Structure formats: C-alpha cells, structure tokens
>>> print(open('structure.txt').read())   # compact mmCIF, C-alpha atoms and all ligand atoms
# COMPACT_ATOMS: atom_id res chain seq x y z
CA MET A 1 20.69 -11.25 2.59
CA THR A 2 20.81 -14.45 0.58
CA SER A 3 17.20 -15.63 0.13
CA PRO A 4 14.70 -12.93 -0.95
CA PHE A 5 13.97 -10.76 2.06
CA THR A 6 10.48 -9.31 2.37
CA ILE A 7 9.22 -6.33 4.30
CA ALA A 8 5.41 -6.07 4.29
CA ILE A 9 3.88 -2.70 5.14
CA ASP A 10 0.14 -2.25 5.53
CA GLY A 11 -2.05 0.57 6.71
CA PRO A 12 -4.75 3.04 5.71
CA ALA A 13 -4.37 5.80 3.11
CA GLY A 14 -2.23 8.72 4.24
CA ALA A 15 -0.55 7.07 7.24
CA GLY A 16 2.91 7.52 5.73
CA LYS A 17 3.54 3.94 4.65
CA GLY A 18 4.62 4.96 1.13
CA THR A 19 7.38 7.22 2.41
CA LEU A 20 8.44 4.64 4.96
CA ALA A 21 8.52 1.91 2.29
CA ARG A 22 10.73 4.05 0.07
CA ARG A 23 13.14 4.86 2.90
CA LEU A 24 13.43 1.20 3.90
CA ALA A 25 13.89 0.00 0.31
CA ASP A 26 16.67 2.57 -0.23
CA HIS A 27 18.39 1.76 3.04
CA TYR A 28 18.32 -2.04 2.69
CA ARG A 29 18.73 -1.98 -1.13
CA LEU A 30 15.53 -3.89 -1.76
CA ASN A 31 13.06 -3.63 -4.63
CA LEU A 32 10.00 -1.52 -3.95
CA LEU A 33 6.37 -2.04 -4.93
CA ASP A 34 3.51 0.27 -4.02
CA THR A 35 0.72 -2.27 -4.56
CA GLY A 36 -1.90 0.50 -4.44
CA LEU A 37 -0.67 1.49 -7.90
CA THR A 38 -1.74 -1.89 -9.29
CA TYR A 39 -5.35 -1.34 -8.14
CA ARG A 40 -5.15 2.23 -9.37
CA ALA A 41 -3.98 1.00 -12.80
CA VAL A 42 -7.07 -1.21 -13.10
CA ALA A 43 -9.41 1.62 -12.08
CA HIS A 44 -7.64 4.05 -14.42
CA ALA A 45 -8.02 1.66 -17.38
CA LEU A 46 -11.79 1.49 -16.80
CA LEU A 47 -12.18 5.24 -16.24
CA GLN A 48 -10.27 5.96 -19.44
CA VAL A 49 -12.73 4.07 -21.62
CA GLY A 50 -15.75 5.14 -19.60
CA LEU A 51 -16.62 1.68 -18.27
CA PRO A 52 -18.40 1.41 -14.92
CA LEU A 53 -16.21 0.39 -12.00
CA ASP A 54 -18.44 -2.60 -11.25
CA ASN A 55 -17.78 -4.21 -14.64
CA VAL A 56 -15.93 -7.19 -13.19
CA SER A 57 -14.88 -8.84 -16.45
CA ALA A 58 -13.43 -5.58 -17.80
CA ALA A 59 -11.63 -5.09 -14.47
CA GLU A 60 -10.21 -8.63 -14.72
CA THR A 61 -8.95 -7.95 -18.24
CA ALA A 62 -7.36 -4.69 -17.08
CA ALA A 63 -5.80 -6.51 -14.11
CA ARG A 64 -4.22 -9.11 -16.44
CA GLN A 65 -2.75 -6.28 -18.48
CA VAL A 66 -1.13 -4.56 -15.50
CA ASP A 67 2.63 -4.39 -16.07
CA LEU A 68 4.49 -3.71 -12.82
CA THR A 69 7.35 -2.08 -14.72
CA LYS A 70 5.02 0.47 -16.32
CA LEU A 71 3.06 1.88 -13.37
CA ASP A 72 2.98 5.65 -13.92
CA ARG A 73 2.66 7.31 -10.53
CA ALA A 74 2.13 10.75 -12.08
CA VAL A 75 -1.01 9.53 -13.86
CA LEU A 76 -2.23 7.14 -11.17
CA SER A 77 -1.82 9.36 -8.11
CA ALA A 78 -4.94 11.46 -8.85
CA HIS A 79 -7.34 11.47 -5.94
CA ALA A 80 -10.27 10.24 -8.06
CA VAL A 81 -8.21 7.26 -9.21
CA GLY A 82 -7.56 6.25 -5.59
CA GLU A 83 -11.24 6.43 -4.80
CA ALA A 84 -12.04 4.34 -7.92
CA ALA A 85 -9.27 1.86 -7.03
CA SER A 86 -10.96 1.07 -3.73
CA LYS A 87 -14.10 0.14 -5.70
CA VAL A 88 -12.41 -2.33 -8.08
CA ALA A 89 -10.37 -3.69 -5.14
CA VAL A 90 -13.45 -5.38 -3.68
CA PHE A 91 -13.58 -7.99 -6.48
CA PRO A 92 -11.86 -11.26 -5.44
CA THR A 93 -10.99 -12.27 -9.02
CA VAL A 94 -9.31 -8.91 -9.68
CA ARG A 95 -7.39 -9.24 -6.41
CA ARG A 96 -6.23 -12.77 -7.25
CA ILE A 97 -4.76 -11.65 -10.59
CA LEU A 98 -2.92 -8.70 -9.01
CA VAL A 99 -1.77 -10.66 -5.95
CA GLU A 100 -0.03 -13.22 -8.23
CA LYS A 101 1.94 -10.43 -9.89
CA GLN A 102 2.79 -8.92 -6.49
CA ARG A 103 4.04 -12.30 -5.20
CA ASP A 104 6.25 -12.78 -8.27
CA PHE A 105 7.72 -9.36 -7.58
CA ALA A 106 8.37 -10.22 -3.91
CA ARG A 107 10.15 -13.46 -4.91
CA THR A 108 12.65 -11.66 -7.13
CA PRO A 109 16.11 -11.39 -5.48
CA PRO A 110 17.29 -9.65 -3.40
CA GLY A 111 13.74 -9.21 -2.07
CA ALA A 112 11.37 -6.32 -1.67
CA VAL A 113 9.45 -3.87 0.39
CA LEU A 114 5.77 -4.01 -0.56
CA ASP A 115 3.18 -1.63 0.80
CA GLY A 116 -0.57 -1.90 0.62
CA ARG A 117 -3.53 -3.18 2.61
CA ASP A 118 -3.13 -6.98 2.60
CA ILE A 119 0.59 -7.58 2.23
CA GLY A 120 1.22 -9.14 5.64
CA THR A 121 -2.10 -10.97 5.73
CA VAL A 122 -2.51 -12.28 2.15
CA VAL A 123 0.20 -11.39 -0.37
CA CYS A 124 3.28 -12.28 1.71
CA PRO A 125 2.07 -14.04 4.87
CA ASP A 126 5.64 -15.35 5.38
CA ALA A 127 7.26 -11.90 5.15
CA ASP A 128 10.39 -11.49 7.29
CA ILE A 129 9.03 -8.22 8.67
CA LYS A 130 5.45 -7.02 8.96
CA LEU A 131 4.67 -3.43 9.82
CA TYR A 132 1.25 -1.87 10.28
CA VAL A 133 1.46 1.89 9.89
CA THR A 134 -1.47 3.93 11.04
CA ALA A 135 -2.49 7.43 12.19
CA SER A 136 -5.77 8.95 13.27
CA ALA A 137 -8.14 9.98 10.47
CA GLU A 138 -7.88 13.63 11.62
CA VAL A 139 -4.09 13.64 11.40
CA ARG A 140 -4.19 12.00 7.98
CA ALA A 141 -6.74 14.57 6.77
CA ARG A 142 -4.60 17.43 8.12
CA ARG A 143 -1.56 16.04 6.28
CA ARG A 144 -3.51 15.69 3.04
CA LEU A 145 -4.75 19.29 3.35
CA ALA A 146 -1.19 20.55 4.01
CA GLU A 147 0.01 18.63 0.94
CA ILE A 148 -2.67 20.20 -1.27
CA GLU A 149 -1.93 23.68 0.10
CA SER A 150 1.81 23.23 -0.35
CA ILE A 151 1.28 23.02 -4.10
CA GLY A 152 -0.99 26.06 -4.13
CA GLY A 153 -4.32 24.21 -4.02
CA THR A 154 -7.28 24.65 -1.70
CA ALA A 155 -9.57 22.08 -0.14
CA ASP A 156 -12.10 21.70 2.63
CA PHE A 157 -10.87 19.88 5.74
CA ALA A 158 -14.29 18.36 6.54
CA GLU A 159 -14.59 17.00 3.00
CA ILE A 160 -11.11 15.48 3.10
CA LEU A 161 -11.84 13.89 6.46
CA ALA A 162 -15.15 12.45 5.24
CA ASP A 163 -13.33 11.04 2.20
CA ILE A 164 -10.71 9.36 4.36
CA VAL A 165 -13.30 7.86 6.69
CA ARG A 166 -15.27 6.52 3.71
CA ARG A 167 -12.16 4.95 2.14
CA ASP A 168 -11.18 3.37 5.49
CA GLU A 169 -14.64 1.87 5.81
CA ARG A 170 -14.50 0.42 2.31
CA ASP A 171 -10.99 -1.01 2.80
CA MET A 172 -11.61 -2.39 6.28
CA GLY A 173 -15.14 -3.57 5.63
CA ARG A 174 -14.76 -5.57 2.41
CA ALA A 175 -15.19 -9.33 2.57
CA ASP A 176 -12.02 -10.26 0.63
CA SER A 177 -8.67 -9.25 2.16
CA PRO A 178 -9.89 -6.41 4.39
CA LEU A 179 -7.33 -4.00 5.79
CA LYS A 180 -6.23 -5.21 9.22
CA PRO A 181 -2.93 -5.75 11.00
CA ALA A 182 -1.39 -9.21 10.56
CA ALA A 183 -1.28 -11.07 13.89
CA GLU A 184 2.48 -10.63 14.24
CA ALA A 185 2.72 -7.10 12.77
CA HIS A 186 4.66 -4.34 14.52
CA LEU A 187 2.37 -1.38 14.99
CA LEU A 188 3.63 2.10 14.15
CA ASP A 189 1.23 4.92 14.97
CA THR A 190 2.48 8.01 13.16
CA SER A 191 -0.18 10.37 14.61
CA GLU A 192 2.38 11.95 16.92
CA MET A 193 5.50 10.75 15.14
CA ALA A 194 7.52 12.40 12.39
CA ILE A 195 8.40 10.17 9.44
CA GLU A 196 12.07 10.15 10.51
CA ALA A 197 11.11 8.69 13.91
CA ALA A 198 8.90 6.10 12.21
CA PHE A 199 11.80 5.18 9.92
CA LEU A 200 14.16 4.77 12.88
CA ALA A 201 11.62 2.61 14.72
CA ALA A 202 11.11 0.43 11.62
CA MET A 203 14.87 0.15 11.11
CA ALA A 204 15.28 -1.10 14.68
CA VAL A 205 12.76 -3.87 13.96
CA VAL A 206 14.47 -4.85 10.69
CA ASP A 207 17.99 -4.77 12.17
CA ASP A 208 16.88 -6.96 15.04
CA VAL A 209 15.47 -9.60 12.65
CA LEU A 210 18.58 -9.43 10.45
CA ALA A 211 20.89 -9.84 13.46
CA ARG A 212 18.96 -12.92 14.63
CA ARG A 213 18.97 -14.31 11.10
CA ASN A 214 22.73 -13.92 10.78
CA LYS A 215 23.28 -15.69 14.11
CA ALA A 216 21.07 -18.65 13.16
O1 LIG B 1 -2.60 2.88 -1.33
P1 LIG B 1 -3.49 3.53 -2.35
O2 LIG B 1 -4.26 4.69 -1.83
O3 LIG B 1 -2.78 3.84 -3.62
O4 LIG B 1 -4.56 2.38 -2.71
C1 LIG B 1 -5.70 2.66 -3.47
C2 LIG B 1 -6.75 1.62 -3.13
O5 LIG B 1 -6.35 0.34 -3.62
C3 LIG B 1 -6.98 1.41 -1.63
O6 LIG B 1 -7.93 2.31 -1.08
C4 LIG B 1 -7.46 -0.02 -1.57
O7 LIG B 1 -8.85 -0.12 -1.77
C5 LIG B 1 -6.78 -0.69 -2.75
N1 LIG B 1 -5.64 -1.51 -2.33
C6 LIG B 1 -5.92 -2.80 -1.89
N2 LIG B 1 -4.91 -3.63 -1.56
C7 LIG B 1 -3.63 -3.24 -1.62
C8 LIG B 1 -3.33 -1.90 -2.04
C9 LIG B 1 -4.37 -1.06 -2.36
O8 LIG B 1 -7.08 -3.19 -1.80
N3 LIG B 1 -2.66 -4.10 -1.32
>>> encode(input="structure.txt", output="structure tokens", more="lines below")
Ligand code: C5P
Amino acid sequence: MTSPFTIAIDGPAGAGKGTLARRLADHYRLNLLDTGLTYRAVAHALLQVGLPLDNVSAAETAARQVDLTKLDRAVLSAHAVGEAASKVAVFPTVRRILVEKQRDFARTPPGAVLDGRDIGTVVCPDADIKLYVTASAEVRARRRLAEIESIGGTADFAEILADIVRRDERDMGRADSPLKPAAEAHLLDTSEMAIEAAFLAAMAVVDDVLARRNKA
C-alpha cells in the first residue's frame, strides 16, 4: 500500500459498521475514524453550555474546534448525544467544516477506514473500497436492547425501534449529504449475518481490489 488507501463504510445506526471498521483497520493496519464522533462532539459542546441545537453559528464554532485526536468515545457515546448529533448534522456549513477535517485524516498515510453516513458519497468519493452496511430496523433495535440488557439496563423494545426509525428518517431525509449507498458500494446486509461473516465478506472485497492493484 503506497498511496493512502481508503475504505469508506456507510450505513444506518446500529448496523455494525463501527465494529466492521475497527476489524478492517486492525487487519489492514490503517488509521480509523468514526466520523459520527465528530458530529457528536459538536452536539455535545452545545448541550454542555445549554445552547439550542439549531444555533447554527455556535455549531459552526464547535465544529471548528473539533480535534480528531481528542474525541472521547466514553463521553460521546451517550444515546442522547447521538440523537442531538443527527440534529446538528443537517446544517451544511457544519458538515463542510467537519468534512474538511475528515478528508485531511483520510489523506494521511498509510490511509484509513472511515465510517459514517456520507463517506462514499461525499467525504471520499474516490475511496478504493466502498461498503454500505445495513440491517433491518427490527434487528438493529433487538441488538441495541441486548446491548443495554448486557450491562444490566432495561429498555422498551418499541421505544428503541421508534427511535431508530426516527433517526433513519432524519439521516436519509436531509437535503445535504443524506444517507444512501454510493453507486458503486458493496452492500452488506447484516440482518442475518454475524459480524464475523460480515468481516470475511468485506475482507474478500478488499483483498480482491488489492490484488488487482498490485497487478496493475
Ligand atoms: O454514527 P453515529 O450514530 O455516531 O452518528 C451520529 C449522527 O451523526 C448520525 O445519526 C448522523 O446524523 C450524523 N452523522 C452524519 N454523517 C456522518 C456521520 C454521522 O451526518 N458521516
């Protein structure tokens, strides 16, 4: 891998793209960026000072201050922060500021795996590999519930499902950079597939591209 190699992974919340991105980055020794954390960082900054999520200029300022080396997953992974992130993510100016940072990251050797909603379509349209990872809303809700229960929590399945459907609608329905598969993306539906199988399928796609690259 001489020039920066890019793997773009998009898909809705809870489809397993984060785990897949981590596995691929480890296996191919690439840098890893969960771009959702950048939108979460903006939302978190506003929530912390009690500013409304539709305050565009405050969101722009927060976006400029996002430091990719200081994204704290423990703080940013809260469910409410994800919900808030999808609200600040509708603003084109906020997106432009974050997308620039994400592109700089992708350009850094040896390359990167980036996961999000618009990586293959907007952030890295020339990515070497584009994957679109999805699963039915019901399966994603069941996984989220199992996750919550595994750490001793309780939640209502119907509420989780409604949440997921609402977030999908916001992410797929926004005017700027809506969630959708890039034209040439490989589709991975993890509804009936364990993460290991998804990883093997993704690896086959990457290895195939690498083999053709090495021959060229
Ligand atoms: O992936 P995650 O759940 O952390 O993303 C939180 C929110 O950030 C998403 O629901 C989406 O609205 C937004 N996002 C985005 N573009 C990305 C990554 C995340 O709009 N590339």
>>> residues_near_ligand(input="structure.txt", ligand="ligand LIG 1 (chain B)", cutoff="9 Å", atoms="all atoms listed in the file", output="ChimeraX atom specification")
/A:10-14,17-18,34-40,76-77,79,81-90,95,98-99,102,114-119,122-123,167-168,170-172,176-179
>>> write_last_selection(input="structure.txt", atoms="C-alpha atoms", output="short mmCIF file (atom, residue, chain, number, x, y, z; two decimals), in the coordinates of the input")
data_model
loop_
_atom_site.label_atom_id
_atom_site.label_comp_id
_atom_site.auth_asym_id
_atom_site.auth_seq_id
_atom_site.Cartn_x
_atom_site.Cartn_y
_atom_site.Cartn_z
CA ASP A 10 0.14 -2.25 5.53
CA GLY A 11 -2.05 0.57 6.71
CA PRO A 12 -4.75 3.04 5.71
CA ALA A 13 -4.37 5.80 3.11
CA GLY A 14 -2.23 8.72 4.24
CA LYS A 17 3.54 3.94 4.65
CA GLY A 18 4.62 4.96 1.13
CA ASP A 34 3.51 0.27 -4.02
CA THR A 35 0.72 -2.27 -4.56
CA GLY A 36 -1.90 0.50 -4.44
CA LEU A 37 -0.67 1.49 -7.90
CA THR A 38 -1.74 -1.89 -9.29
CA TYR A 39 -5.35 -1.34 -8.14
CA ARG A 40 -5.15 2.23 -9.37
CA LEU A 76 -2.23 7.14 -11.17
CA SER A 77 -1.82 9.36 -8.11
CA HIS A 79 -7.34 11.47 -5.94
CA VAL A 81 -8.21 7.26 -9.21
CA GLY A 82 -7.56 6.25 -5.59
CA GLU A 83 -11.24 6.43 -4.80
CA ALA A 84 -12.04 4.34 -7.92
CA ALA A 85 -9.27 1.86 -7.03
CA SER A 86 -10.96 1.07 -3.73
CA LYS A 87 -14.10 0.14 -5.70
CA VAL A 88 -12.41 -2.33 -8.08
CA ALA A 89 -10.37 -3.69 -5.14
CA VAL A 90 -13.45 -5.38 -3.68
CA ARG A 95 -7.39 -9.24 -6.41
CA LEU A 98 -2.92 -8.70 -9.01
CA VAL A 99 -1.77 -10.66 -5.95
CA GLN A 102 2.79 -8.92 -6.49
CA LEU A 114 5.77 -4.01 -0.56
CA ASP A 115 3.18 -1.63 0.80
CA GLY A 116 -0.57 -1.90 0.62
CA ARG A 117 -3.53 -3.18 2.61
CA ASP A 118 -3.13 -6.98 2.60
CA ILE A 119 0.59 -7.58 2.23
CA VAL A 122 -2.51 -12.28 2.15
CA VAL A 123 0.20 -11.39 -0.37
CA ARG A 167 -12.16 4.95 2.14
CA ASP A 168 -11.18 3.37 5.49
CA ARG A 170 -14.50 0.42 2.31
CA ASP A 171 -10.99 -1.01 2.80
CA MET A 172 -11.61 -2.39 6.28
CA ASP A 176 -12.02 -10.26 0.63
CA SER A 177 -8.67 -9.25 2.16
CA PRO A 178 -9.89 -6.41 4.39
CA LEU A 179 -7.33 -4.00 5.79
#
>>> atom_distance(input="structure.txt", atom1="atom CA of A:Val56", atom2="atom CA of A:Arg174")
15.7 Å
>>> atom_distance(input="structure.txt", atom1="atom CA of A:Leu200", atom2="atom CA of A:Gly111")
20.5 Å
>>> residues_around(input="structure.txt", residues="A:Leu145", least_positions_apart="2", cutoff="10 Å", atoms="only C-alpha atoms", output="ChimeraX atom specification")
/A:139-143,147-150,153-157,160-161
>>> closest_residue(input="structure.txt", among="A:Ala15, A:Ile7, A:Leu68, A:Val75", to="A:Ile195", atoms="only C-alpha atoms")
A:Ala15
>>> closest_residue(input="structure.txt", among="A:Asp128, A:Asp67, A:Asp189, A:Glu100", to="A:Val113", atoms="all atoms listed in the file")
A:Asp128
>>> atom_distance(input="structure.txt", atom1="atom CA of A:Leu131", atom2="atom CA of A:Ala106")
15.8 Å
>>> residues_around(input="structure.txt", residues="A:Leu20", least_positions_apart="4", cutoff="7 Å", atoms="all atoms listed in the file", output="list of chain:residue names")
A:Gly16, A:Leu24, A:Phe199
>>> closest_residue(input="structure.txt", among="A:Ile164, A:Ala137, A:Val209, A:Ala201", to="A:Leu188", atoms="all atoms listed in the file")
A:Ala201
>>> residues_around(input="structure.txt", residues="A:Phe5", least_positions_apart="4", cutoff="10 Å", atoms="all atoms listed in the file", output="ChimeraX atom specification")
/A:1,28,30-31,106-113,127-129,210
>>> write_last_selection(input="structure.txt", atoms="C-alpha atoms", output="short mmCIF file (atom, residue, chain, number, x, y, z; two decimals), in the coordinates of the input")
data_model
loop_
_atom_site.label_atom_id
_atom_site.label_comp_id
_atom_site.auth_asym_id
_atom_site.auth_seq_id
_atom_site.Cartn_x
_atom_site.Cartn_y
_atom_site.Cartn_z
CA MET A 1 20.69 -11.25 2.59
CA TYR A 28 18.32 -2.04 2.69
CA LEU A 30 15.53 -3.89 -1.76
CA ASN A 31 13.06 -3.63 -4.63
CA ALA A 106 8.37 -10.22 -3.91
CA ARG A 107 10.15 -13.46 -4.91
CA THR A 108 12.65 -11.66 -7.13
CA PRO A 109 16.11 -11.39 -5.48
CA PRO A 110 17.29 -9.65 -3.40
CA GLY A 111 13.74 -9.21 -2.07
CA ALA A 112 11.37 -6.32 -1.67
CA VAL A 113 9.45 -3.87 0.39
CA ALA A 127 7.26 -11.90 5.15
CA ASP A 128 10.39 -11.49 7.29
CA ILE A 129 9.03 -8.22 8.67
CA LEU A 210 18.58 -9.43 10.45
#
>>> closest_residue(input="structure.txt", among="A:Ala80, A:Val165, A:Leu33, A:Ala43", to="A:Asp104", atoms="all atoms listed in the file")
A:Leu33
>>> build_atoms(input="structure.txt", residues="stretch 89-102 of chain A", atoms="N, CA and C atoms", output="mmCIF file, in the coordinates of the input")
data_model
loop_
_atom_site.group_PDB
_atom_site.id
_atom_site.type_symbol
_atom_site.label_atom_id
_atom_site.label_comp_id
_atom_site.auth_asym_id
_atom_site.auth_seq_id
_atom_site.Cartn_x
_atom_site.Cartn_y
_atom_site.Cartn_z
ATOM 1 N N ALA A 89 -11.132 -2.823 -6.049
ATOM 2 C CA ALA A 89 -10.370 -3.690 -5.140
ATOM 3 C C ALA A 89 -11.260 -4.637 -4.332
ATOM 4 N N VAL A 90 -12.572 -4.474 -4.443
ATOM 5 C CA VAL A 90 -13.450 -5.380 -3.680
ATOM 6 C C VAL A 90 -13.656 -6.709 -4.419
ATOM 7 N N PHE A 91 -13.292 -6.773 -5.705
ATOM 8 C CA PHE A 91 -13.580 -7.990 -6.480
ATOM 9 C C PHE A 91 -12.492 -9.049 -6.290
ATOM 10 N N PRO A 92 -12.859 -10.219 -5.722
ATOM 11 C CA PRO A 92 -11.860 -11.260 -5.440
ATOM 12 C C PRO A 92 -11.069 -11.695 -6.669
ATOM 13 N N THR A 93 -11.723 -11.776 -7.840
ATOM 14 C CA THR A 93 -10.990 -12.270 -9.020
ATOM 15 C C THR A 93 -9.934 -11.252 -9.459
ATOM 16 N N VAL A 94 -10.278 -9.971 -9.333
ATOM 17 C CA VAL A 94 -9.310 -8.910 -9.680
ATOM 18 C C VAL A 94 -8.134 -8.991 -8.696
ATOM 19 N N ARG A 95 -8.439 -9.156 -7.426
ATOM 20 C CA ARG A 95 -7.390 -9.240 -6.410
ATOM 21 C C ARG A 95 -6.451 -10.418 -6.703
ATOM 22 N N ARG A 96 -7.052 -11.577 -7.044
ATOM 23 C CA ARG A 96 -6.230 -12.770 -7.250
ATOM 24 C C ARG A 96 -5.206 -12.540 -8.372
ATOM 25 N N ILE A 97 -5.651 -11.895 -9.452
ATOM 26 C CA ILE A 97 -4.760 -11.650 -10.590
ATOM 27 C C ILE A 97 -3.606 -10.714 -10.157
ATOM 28 N N LEU A 98 -3.952 -9.660 -9.422
ATOM 29 C CA LEU A 98 -2.920 -8.700 -9.010
ATOM 30 C C LEU A 98 -2.000 -9.297 -7.949
ATOM 31 N N VAL A 99 -2.574 -10.067 -7.032
ATOM 32 C CA VAL A 99 -1.770 -10.660 -5.950
ATOM 33 C C VAL A 99 -0.696 -11.588 -6.537
ATOM 34 N N GLU A 100 -1.037 -12.352 -7.595
ATOM 35 C CA GLU A 100 -0.030 -13.220 -8.230
ATOM 36 C C GLU A 100 1.155 -12.411 -8.729
ATOM 37 N N LYS A 101 0.863 -11.288 -9.362
ATOM 38 C CA LYS A 101 1.940 -10.430 -9.890
ATOM 39 C C LYS A 101 2.772 -9.867 -8.731
ATOM 40 N N GLN A 102 2.080 -9.494 -7.651
ATOM 41 C CA GLN A 102 2.790 -8.920 -6.490
ATOM 42 C C GLN A 102 3.697 -9.976 -5.846
#
